[in-house]
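Asks: Got a structure here, written out as structure tokens. Questions coming.
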Amino acid sequence: WVLVVFLVGQGSGQSLSNLSCGANNPPQDGGLGPPDCVPGCVYDEVVDDCVMVEHQAYIVSDVVMNPETLTLSLLVGNMTGGEQEPLFGGPMNELSFAASLYNADILHLEFGTPTVESYIVPTDIVPRSPPSQIAISNSDYVVGVPDVGEEFSVQVSYGDANGVVPVLSLSSNMYWSANGQYLEFSVDFSSTFEDLNISAIPDNVRILGLGENTRDSFVMIPGSRQTLWNTDINCSTEDVSLYGSHPIVYACFDTPSASPYCTAFLVMNSNAMDVTFLSDGRTLSFQLTGGVIDLYVFHGPTLSSAARQVATFLGPVVMPPYWSLGFHNCKYGYTSIGEVEEVVVNYTRAKIPLDTQWMDIDYMDKYRDFTYDPENFPEKEVKSFVTALDQAAMQYVPIVDPGIVVPNPLNGENGTYYPLERGLELGTFIRNGDYGVPLPGPAGSALRDYYLSQVWPGPTVAPDWFHSDATSYWQEMLEIFYEKAKYHGLWIDMNEFANFCADKEGMNQASQVCTFPVDAPCPVAESQTTCCLVCTTLESDNVYDFPPFVPHGFWQVDLNTGLGGRTLSPSAVHAGGYEEYNVHNLYGLMESIATRDALLGSTVMEASRPFILSRSTFLTSGRHTFHWTGDNSATWDDLRWSTYGVMNFNLFALPMVGADVCGFLENTTEELCNRWISLAAFHPFTRSHNALGYAPQELYRWQSVTESSRRALGYKYKLLPHLYTIMYAHSYMGGELPVGPALGNIFGEDWTQFSWGGSIIFSPVVEEGKTDRECTLSTGYWYNYGAYMGDPFPDGDGSAPSGYLIEKNTERVTAPAQLGYIPIHVKGGLIFVQHHSVYDADGVPYKTKELLNFNAYDIIVAMDAVETASGLFVLDDGVQLEMDPSQGGTTAVTDMLAPGDGRVWLRPSPEMEGYPSNISVEVKCVQIWSLKANGQHTPGPSSPACALGFDSNGDSVILTTEDGGLDTKLIEVGDARLSTICTAGDSELYVSLDSPVVISWVSAEDCAEILEEEDDGGSDSGWKKIILYVGVVVAVLAYIVAFTIPYFFKTRRSGYELLDEEE
């Protein structure tokens, strides 16, 4: 395809210049801030009203084409729009535009200011590779631009063997202010509607992504607007900017004859912005407070493929430790280490799986980082507690906030605090800007010029991650903390950066610097979140604290704050001269990078795969950290929204995410908590957590919730090998979304169904009082996972179908879902591996580390309508740092395939170089699922028995069936281990084992022939149903995949039973 196509026609989306400006939501009586202007308009304080932005048509003045890049020079042309004077000092007179290939799947569109230096997101923080050397003239992308002298616009299409399909268009409605503090551009989908031959109505497009926020719909609604600016606001608050910023857009179109067509693009910009989906349902408008317009385009053409392309660009996504996929418990409000120990004991007694116990800020001495409360959480007792957790194969994760306290003599704090003293020595804290007021402070001149804020411990300063010594400083503090009590992971919170002294007080409060009160304690006892500092308002001519444009999200009636609301002043300065105004959204990402680098660089802390949970995130956070959706509430709405948040972060290339189970704020109920754990068990990160002052909600507090937890978590633990596999495949092999919208549901109205890898669908109940669930499934075979596990979600007659044949795409079936049950359906065509058993004979749950150590697995072959299936199995020790075998990793990646000719085989994946030879597994069961008998599709209620079990006893091999009740015959032939089994019944099993290994289903007649041939030394010509082939390295007999796990963890499962004796 030729990259450049000269165009004259413009997009036909809704023009911002035709809008009528007006206030959607004027300030309440006494409220501060401007009105909430309609999308496409901004507030002009001179006229005290909403006005339309003057849009200029940029004219193409030059076009340069070289093998790798298309470059255009643009000059401002005529203005269009209203009659008032141009806003923000008028437009930038000259711009540049360049199109190049980032790689074969990703197109880069970049605007610049040739005559003015503009801020760009630093490449050492958010890495971008140099442009590829692929000649754009040979690309499958088609970029249409006007000829010299025409108004500038861009239309991007993508062509392959299936034809050319539009991706996006940048309309001519554009504004770039001369002061660089207001940029506006629009993405128009009109041509996409036309080329796909679908009606250009809102119902035919879905906009996904754009976060972090809580909205009542998983998709963006026409006429709605999203603000991106990292802010400490409870995630139970709808339609405001939350903790992270991810300017990633997925656009999906409802094509009449095929699955939805989806593309994506990403805006590489860390400034505050508004993104508006105009009411026409065709246009997205972006309004930025600075930086540059820098787009990366992903052609899709499906949601899954677009997400893979985004993950390739933002990744590689870091893999979680295996143990972190288990269940976690926490509460803000535990009063002592003894109470925490009692909680763990109670989980053990209730036989609810628990892998990790967390501690919130309660453990700290006066809420200071890197300390333990000497009275309620003495270091010696915490250390003993962690030792007991280690012995029980469990983990401990404490919280660490970034704010470093400045002790106040008026609070009787006359001693030194080493983290502060060391940071002052190195100069590693954020400073006041040129507009700031030097701090006199009780510590004298050492504190002058640093920006003072307030969080939990009181007056604090903030580490500056741009400082060259910041990571080494942070590592030193974390090592000191580790030596007090070992931890297995870290929880970094309040890193937007949160500030209690710029909260709900209007624009003036958000534009200030603060110092200590001279005659009063700070903080005030029992009032940690009330600002106690003395703050000075900055001059209003400060262009960072008082910018010409502030996104609408900061003028919500209940917030009424500017860019500095609940955080640092935008004029604060970082090392290297970066203003907070530009880099604010990077703070949480940079703390995550510094924390990961500190853990990996330490010689004190154990060298293993880091676990870091961060509240604040940005583009590429998935390379360094994991996330939870923040401070939610115990409501049915929050339960429903939790899955939206998890799916969104998977679209943001940060798949290890979850929500606080049963709700953080407010008191939960038994039914709500019951339904919540049934759902949240299948989010990658599963943690129960609630706030100070609310009733405890540990899962053992209700008998029904205990039973639901054991069922749901039991299923999750059983399925952990598959979850781990799809997360690895997504990170390293371009695999499907680990958690995404259920198949066919992009254009539905219920997005609470979600899938693992597109092939296992979970359909939770999210409405109070409901006992069944409508499940949307796509064409093909679907198997009821619970039925095959012997737990068939009973309905009125005590049974449920073992599977469904869906003959029409997006067909709905009603599944019984009594309290404690969640319908789980497996797509026919999938082979997956699961743990054989997650509870011992006494019902005691195994820990995730024990499950890896025991290495007992089942292989499930879920046949599709033509008896084919495929899958992947990933295995390692769960904590190793390097996972790519080509880079020296010891992760085993095994392909599993049933090609439809009667065979199922396992082999080392050809996509991964260097298959390791030191991992062993034991396969207890091979289970074949099929809804086809005698050539007919016959869904039925029965569950097949285990097809075959394996065990090992030294050099001998014992082949048995799961129930041991089948007639068997065993033959061993030396080291070749040639063995034969035939089973009695309608279908019989023949097994021949050597290296390689084959397993076949055969009829009774063929089985007799095979045995006769074996006796005569004959061939294997009678095989005809399923063959399990394990390749050269995977030489299986007693252990289908024959390796040795170098796993050094030794467990003592009675570790927490010992605490009963101590009590």
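Every chain in the structure tokens takes a letter, A first, then B, and so on in the order presented; its residues are numbered from 1, and the ligands are numbered from 1 following the presented order.
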Extract, using only C-alpha atoms, all DNA, RNA and protein residues at most 8 Å from segment 761-771 of chain A, discarding same-chain residues fewer than 3 positions from it, and format them as a list in words.
Replies: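 Contacts, in chain order: Trp636, Leu639, Arg640, Glu671, Leu672, Arg675, Ser678, Leu679, Phe682, Ala742, Thr752, Gln753, Phe754, Ser755, Trp756, Gly758, Glu774, Cys775, Pro816, Ala817, Gln818, Leu819, Ile822, Pro823, Ile824, His825 and Val826 of chain A.
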Asks: Grab the residues selected above and save them as a JSON list (two decimals), in the first residue's frame with N, CA, C and O atoms.
Replies:
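Writing done, so here's out-v1.json:
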```json
[["chain", "number", "residue", "atom", "x", "y", "z"],
["A", 636, "TRP", "N", -24.15, -2.36, 46.03],
["A", 636, "TRP", "CA", -24.32, -3.23, 44.86],
["A", 636, "TRP", "C", -23.80, -2.55, 43.60],
["A", 636, "TRP", "O", -23.30, -3.23, 42.69],
["A", 639, "LEU", "N", -20.10, -3.15, 43.56],
["A", 639, "LEU", "CA", -19.84, -4.53, 43.16],
["A", 639, "LEU", "C", -19.83, -4.63, 41.63],
["A", 639, "LEU", "O", -18.92, -5.23, 41.04],
["A", 640, "ARG", "N", -20.82, -4.04, 41.00],
["A", 640, "ARG", "CA", -20.91, -4.08, 39.54],
["A", 640, "ARG", "C", -19.75, -3.32, 38.89],
["A", 640, "ARG", "O", -19.14, -3.80, 37.93],
["A", 671, "GLU", "N", -25.37, -10.89, 52.29],
["A", 671, "GLU", "CA", -25.64, -11.24, 50.89],
["A", 671, "GLU", "C", -24.66, -10.55, 49.96],
["A", 671, "GLU", "O", -24.14, -11.17, 49.03],
["A", 672, "LEU", "N", -24.40, -9.26, 50.19],
["A", 672, "LEU", "CA", -23.47, -8.53, 49.33],
["A", 672, "LEU", "C", -22.07, -9.13, 49.39],
["A", 672, "LEU", "O", -21.42, -9.34, 48.36],
["A", 675, "ARG", "N", -21.97, -12.46, 47.48],
["A", 675, "ARG", "CA", -21.88, -12.29, 46.03],
["A", 675, "ARG", "C", -20.53, -11.71, 45.62],
["A", 675, "ARG", "O", -20.00, -12.03, 44.56],
["A", 678, "SER", "N", -17.80, -14.33, 45.49],
["A", 678, "SER", "CA", -18.06, -15.23, 44.37],
["A", 678, "SER", "C", -17.59, -14.61, 43.06],
["A", 678, "SER", "O", -17.18, -15.32, 42.15],
["A", 679, "LEU", "N", -17.66, -13.29, 42.95],
["A", 679, "LEU", "CA", -17.18, -12.58, 41.76],
["A", 679, "LEU", "C", -15.68, -12.32, 41.83],
["A", 679, "LEU", "O", -14.92, -12.68, 40.93],
["A", 682, "PHE", "N", -12.37, -14.39, 41.04],
["A", 682, "PHE", "CA", -11.88, -14.63, 39.69],
["A", 682, "PHE", "C", -11.30, -13.38, 39.05],
["A", 682, "PHE", "O", -10.98, -13.38, 37.86],
["A", 742, "ALA", "N", -16.86, -10.37, 28.23],
["A", 742, "ALA", "CA", -17.29, -11.68, 27.74],
["A", 742, "ALA", "C", -17.59, -11.60, 26.25],
["A", 742, "ALA", "O", -17.98, -10.55, 25.73],
["A", 752, "THR", "N", -21.17, -7.02, 33.06],
["A", 752, "THR", "CA", -20.67, -7.61, 34.29],
["A", 752, "THR", "C", -20.14, -9.02, 34.06],
["A", 752, "THR", "O", -19.47, -9.57, 34.93],
["A", 753, "GLN", "N", -20.46, -9.64, 32.93],
["A", 753, "GLN", "CA", -19.78, -10.89, 32.57],
["A", 753, "GLN", "C", -18.35, -10.57, 32.16],
["A", 753, "GLN", "O", -18.09, -9.54, 31.53],
["A", 754, "PHE", "N", -17.43, -11.45, 32.50],
["A", 754, "PHE", "CA", -16.05, -11.25, 32.07],
["A", 754, "PHE", "C", -15.42, -12.59, 31.77],
["A", 754, "PHE", "O", -15.92, -13.65, 32.18],
["A", 755, "SER", "N", -14.33, -12.55, 31.03],
["A", 755, "SER", "CA", -13.71, -13.80, 30.59],
["A", 755, "SER", "C", -12.24, -13.83, 30.98],
["A", 755, "SER", "O", -11.61, -12.79, 31.18],
["A", 756, "TRP", "N", -11.72, -15.03, 31.08],
["A", 756, "TRP", "CA", -10.28, -15.27, 31.16],
["A", 756, "TRP", "C", -9.82, -15.71, 29.78],
["A", 756, "TRP", "O", -10.23, -16.78, 29.30],
["A", 758, "GLY", "N", -10.68, -15.06, 27.00],
["A", 758, "GLY", "CA", -11.72, -15.20, 25.99],
["A", 758, "GLY", "C", -12.39, -16.56, 25.96],
["A", 758, "GLY", "O", -13.35, -16.74, 25.21],
["A", 774, "GLU", "N", -28.75, -14.53, 33.63],
["A", 774, "GLU", "CA", -28.71, -14.67, 32.18],
["A", 774, "GLU", "C", -27.27, -14.56, 31.72],
["A", 774, "GLU", "O", -26.57, -13.59, 32.04],
["A", 775, "CYS", "N", -26.83, -15.54, 30.96],
["A", 775, "CYS", "CA", -25.46, -15.60, 30.47],
["A", 775, "CYS", "C", -25.46, -15.47, 28.95],
["A", 775, "CYS", "O", -26.17, -16.22, 28.27],
["A", 816, "PRO", "N", -28.94, -21.27, 36.75],
["A", 816, "PRO", "CA", -29.22, -21.13, 38.18],
["A", 816, "PRO", "C", -28.00, -20.59, 38.91],
["A", 816, "PRO", "O", -26.87, -20.98, 38.61],
["A", 817, "ALA", "N", -28.21, -19.69, 39.83],
["A", 817, "ALA", "CA", -27.10, -19.07, 40.55],
["A", 817, "ALA", "C", -27.56, -18.71, 41.96],
["A", 817, "ALA", "O", -27.68, -17.55, 42.32],
["A", 818, "GLN", "N", -27.83, -19.75, 42.75],
["A", 818, "GLN", "CA", -28.22, -19.51, 44.12],
["A", 818, "GLN", "C", -27.08, -18.85, 44.88],
["A", 818, "GLN", "O", -25.94, -18.84, 44.43],
["A", 819, "LEU", "N", -27.41, -18.29, 46.03],
["A", 819, "LEU", "CA", -26.40, -17.60, 46.82],
["A", 819, "LEU", "C", -25.21, -18.53, 47.05],
["A", 819, "LEU", "O", -25.36, -19.66, 47.50],
["A", 822, "ILE", "N", -21.57, -19.08, 41.27],
["A", 822, "ILE", "CA", -21.36, -18.22, 40.12],
["A", 822, "ILE", "C", -21.25, -19.11, 38.89],
["A", 822, "ILE", "O", -20.43, -20.04, 38.86],
["A", 823, "PRO", "N", -22.09, -18.91, 37.88],
["A", 823, "PRO", "CA", -21.96, -19.71, 36.65],
["A", 823, "PRO", "C", -20.62, -19.48, 35.97],
["A", 823, "PRO", "O", -20.21, -18.33, 35.76],
["A", 824, "ILE", "N", -19.95, -20.58, 35.64],
["A", 824, "ILE", "CA", -18.66, -20.54, 34.93],
["A", 824, "ILE", "C", -18.79, -21.44, 33.71],
["A", 824, "ILE", "O", -19.16, -22.60, 33.84],
["A", 825, "HIS", "N", -18.50, -20.90, 32.53],
["A", 825, "HIS", "CA", -18.64, -21.66, 31.30],
["A", 825, "HIS", "C", -17.33, -21.66, 30.53],
["A", 825, "HIS", "O", -16.68, -20.62, 30.37],
["A", 826, "VAL", "N", -16.95, -22.85, 30.07],
["A", 826, "VAL", "CA", -15.70, -23.06, 29.33],
["A", 826, "VAL", "C", -16.03, -23.25, 27.86],
["A", 826, "VAL", "O", -16.87, -24.08, 27.51]]
```
Asks: For Val657 of chain A, please output as a count of residues only all residues within 6 Å (counting only C-alpha atoms; exclusion window: fewer than 3 positions along the same chain).
Replies: 5
Asks: When DSSP is applied to the backbone of this structure, which of segment 247-340 of chain A are assigned strand (DSSP E or B)? Write them out as a ChimeraX atom specification.
Replies: /A:247-253,261-267,273-277,283-288,294-298,327-329
Asks: How about saving the chosen residues, C-alpha atoms kept, as a short mmCIF file (atom, residue, chain, number, x, y, z; two decimals), in the first residue's frame?
Replies:
```
data_model
loop_
_atom_site.label_atom_id
_atom_site.label_comp_id
_atom_site.auth_asym_id
_atom_site.auth_seq_id
_atom_site.Cartn_x
_atom_site.Cartn_y
_atom_site.Cartn_z
CA PRO A 247 -5.31 8.23 27.74
CA ILE A 248 -5.99 5.05 25.75
CA VAL A 249 -9.08 4.81 23.55
CA TYR A 250 -10.64 1.72 21.98
CA ALA A 251 -13.30 2.35 19.32
CA CYS A 252 -15.49 -0.63 18.40
CA PHE A 253 -18.05 -0.66 15.60
CA TYR A 261 -14.47 -4.10 14.41
CA CYS A 262 -12.15 -2.39 16.94
CA THR A 263 -9.18 -0.06 16.69
CA ALA A 264 -7.26 1.87 19.35
CA PHE A 265 -5.06 4.89 19.83
CA LEU A 266 -3.03 6.28 22.69
CA VAL A 267 -2.18 9.90 23.51
CA MET A 273 -6.96 16.80 29.92
CA ASP A 274 -10.64 16.54 29.16
CA VAL A 275 -11.88 13.93 26.69
CA THR A 276 -15.43 14.41 25.43
CA PHE A 277 -17.49 11.94 23.40
CA THR A 283 -16.41 12.50 17.49
CA LEU A 284 -13.98 12.48 20.41
CA SER A 285 -12.68 15.89 21.47
CA PHE A 286 -9.42 16.23 23.43
CA GLN A 287 -8.60 19.38 25.42
CA LEU A 288 -5.09 19.35 26.91
CA ASP A 294 1.49 12.66 20.15
CA LEU A 295 -0.58 9.66 19.00
CA TYR A 296 0.16 5.95 18.62
CA VAL A 297 -2.40 4.12 16.48
CA PHE A 298 -3.28 0.40 16.67
CA PHE A 327 -6.41 -14.69 48.48
CA HIS A 328 -5.29 -11.68 50.57
CA ASN A 329 -6.77 -10.13 53.72
#
```
Asks: Just checking: using only C-alpha atoms, which residue out of A:Arg711, A:Lys351, A:His730, A:His584 ends up closest to Leu563 of chain A?
Replies: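 Going through A:Arg711, A:Lys351, A:His730, A:His584 one by one, the smallest distance to Leu563 of chain A is for A:His584.
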Asks: Please list as a list in words every residue within 7 Å of segment 477-493 of chain A, counting only C-alpha atoms and excluding residues in the same chain fewer than 3 positions away.
Replies: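 Near neighbours after the sequence-gap exclusion: Phe370, Glu379, Val382, Lys383, Val386, Gln395, Tyr396, Val397, Pro398, Ile399, Val400, Asp401, Pro419, Tyr473, Trp474, Val604, Met605, Pro610, Phe611, Ile612, Leu613, Ser614 and Arg615 of chain A.
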Asks: Would you list the contacts of Trp751 of chain A as a ChimeraX atom specification, taking every protein, DNA or RNA residue within 10 Å and counting only C-alpha atoms, but skipping same-chain residues closer than 6 positions in sequence?
Replies: /A:217-219,640-641,643-644,647,740-742,745,763
Asks: At what distance in Å, to one decimal, does atom CA of Phe549 of chain A lie from atom CA of Tyr450 of chain A?
Replies: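 Atom-to-atom, atom CA of Tyr450 of chain A to atom CA of Phe549 of chain A, that is 26.9 Å.
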Asks: Which of segment 603-782 of chain A counts as alpha helix (DSSP H) under DSSP, as an NGL selection string please?
Replies: :A and (636-651 or 670-680 or 703-732)
Asks: Which residues are close to Asp232 of chain A, i.e. within 12 Å by only C-alpha atoms, leaving aside same-chain residues fewer than 4 positions away? Reply as a count of residues only.
Replies: 34
Asks: I'd like the interatomic distance between atom CA of Leu872 of chain A and atom CA of Val833 of chain A, to a tenth of an Å.
Replies: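 Between these atoms lies a distance of 8.2 Å.
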Asks: Using only C-alpha atoms, pick whichever of A:Thr387, A:Ser802, A:Ser527, A:Asn853 has the shortest atom-to-atom distance to Trp782 of chain A.
Replies: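 Of A:Thr387, A:Ser802, A:Ser527, A:Asn853, the one nearest Trp782 of chain A, counting only C-alpha atoms, is A:Ser802.
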Asks: Ranking A:His552, A:Lys718, A:Ala525, A:Thr603 by minimum distance to Asp239 of chain A and counting only C-alpha atoms, which one comes first?
Replies: A:His552
Asks: Which residue gives the smallest distance to Phe832 of chain A among A:Gly871, A:Pro260, A:Gly326, A:Gly90, with only C-alpha atoms counted?
Replies: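 Smallest distance to Phe832 of chain A is found for A:Gly871.
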Asks: Would you work out the distance separating atom CA of Glu736 of chain A from atom CA of Pro655 of chain A, expressed in Å to one decimal?
Replies: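 Spanning atom CA of Glu736 of chain A to atom CA of Pro655 of chain A is a straight-line distance of 11.1 Å.
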Asks: Residues near Leu70 of chain A, anyone? I mean within 8 Å using only C-alpha atoms, not counting same-chain ones fewer than 6 positions away, as a ChimeraX atom specification.
Replies: /A:4,63-64,98-100
Asks: Give me, as an MDAnalysis selection string, all polymer residues having an atom no more than 12 Å from Cys532 of chain A, counting only C-alpha atoms and skipping those fewer than 4 positions away in the same chain.
Replies: chainID A and resid 408 452:460 499:502 514:525 527:528
Asks: Write a file of the selected residues as an mmCIF file, in the first residue's frame, keeping C-alpha atoms.
Replies:
```cif
data_model
loop_
_atom_site.group_PDB
_atom_site.id
_atom_site.type_symbol
_atom_site.label_atom_id
_atom_site.label_comp_id
_atom_site.auth_asym_id
_atom_site.auth_seq_id
_atom_site.Cartn_x
_atom_site.Cartn_y
_atom_site.Cartn_z
ATOM 1 C CA ASN A 408 6.809 19.285 64.885
ATOM 2 C CA LEU A 452 5.327 21.150 52.624
ATOM 3 C CA SER A 453 2.079 19.168 52.479
ATOM 4 C CA GLN A 454 0.062 17.146 54.976
ATOM 5 C CA VAL A 455 -0.935 13.480 55.033
ATOM 6 C CA TRP A 456 -1.427 10.893 57.792
ATOM 7 C CA PRO A 457 1.609 11.657 60.004
ATOM 8 C CA GLY A 458 1.108 15.440 59.706
ATOM 9 C CA PRO A 459 3.447 17.859 57.901
ATOM 10 C CA THR A 460 5.308 16.002 55.176
ATOM 11 C CA ASN A 499 -2.405 16.240 50.232
ATOM 12 C CA PHE A 500 -4.944 16.990 52.974
ATOM 13 C CA CYS A 501 -4.217 20.744 52.770
ATOM 14 C CA ALA A 502 -5.719 21.346 49.322
ATOM 15 C CA CYS A 514 2.173 26.044 53.489
ATOM 16 C CA THR A 515 4.314 26.102 56.618
ATOM 17 C CA PHE A 516 4.025 25.137 60.297
ATOM 18 C CA PRO A 517 1.688 26.928 62.678
ATOM 19 C CA VAL A 518 3.768 28.822 65.207
ATOM 20 C CA ASP A 519 1.460 28.353 68.197
ATOM 21 C CA ALA A 520 -0.530 25.138 67.752
ATOM 22 C CA PRO A 521 0.063 21.406 67.440
ATOM 23 C CA CYS A 522 0.009 19.896 63.963
ATOM 24 C CA PRO A 523 -1.542 17.443 63.372
ATOM 25 C CA VAL A 524 -4.347 17.816 65.860
ATOM 26 C CA ALA A 525 -5.154 14.634 67.767
ATOM 27 C CA SER A 527 -8.165 14.881 63.295
ATOM 28 C CA GLN A 528 -5.445 13.547 61.009
#
```
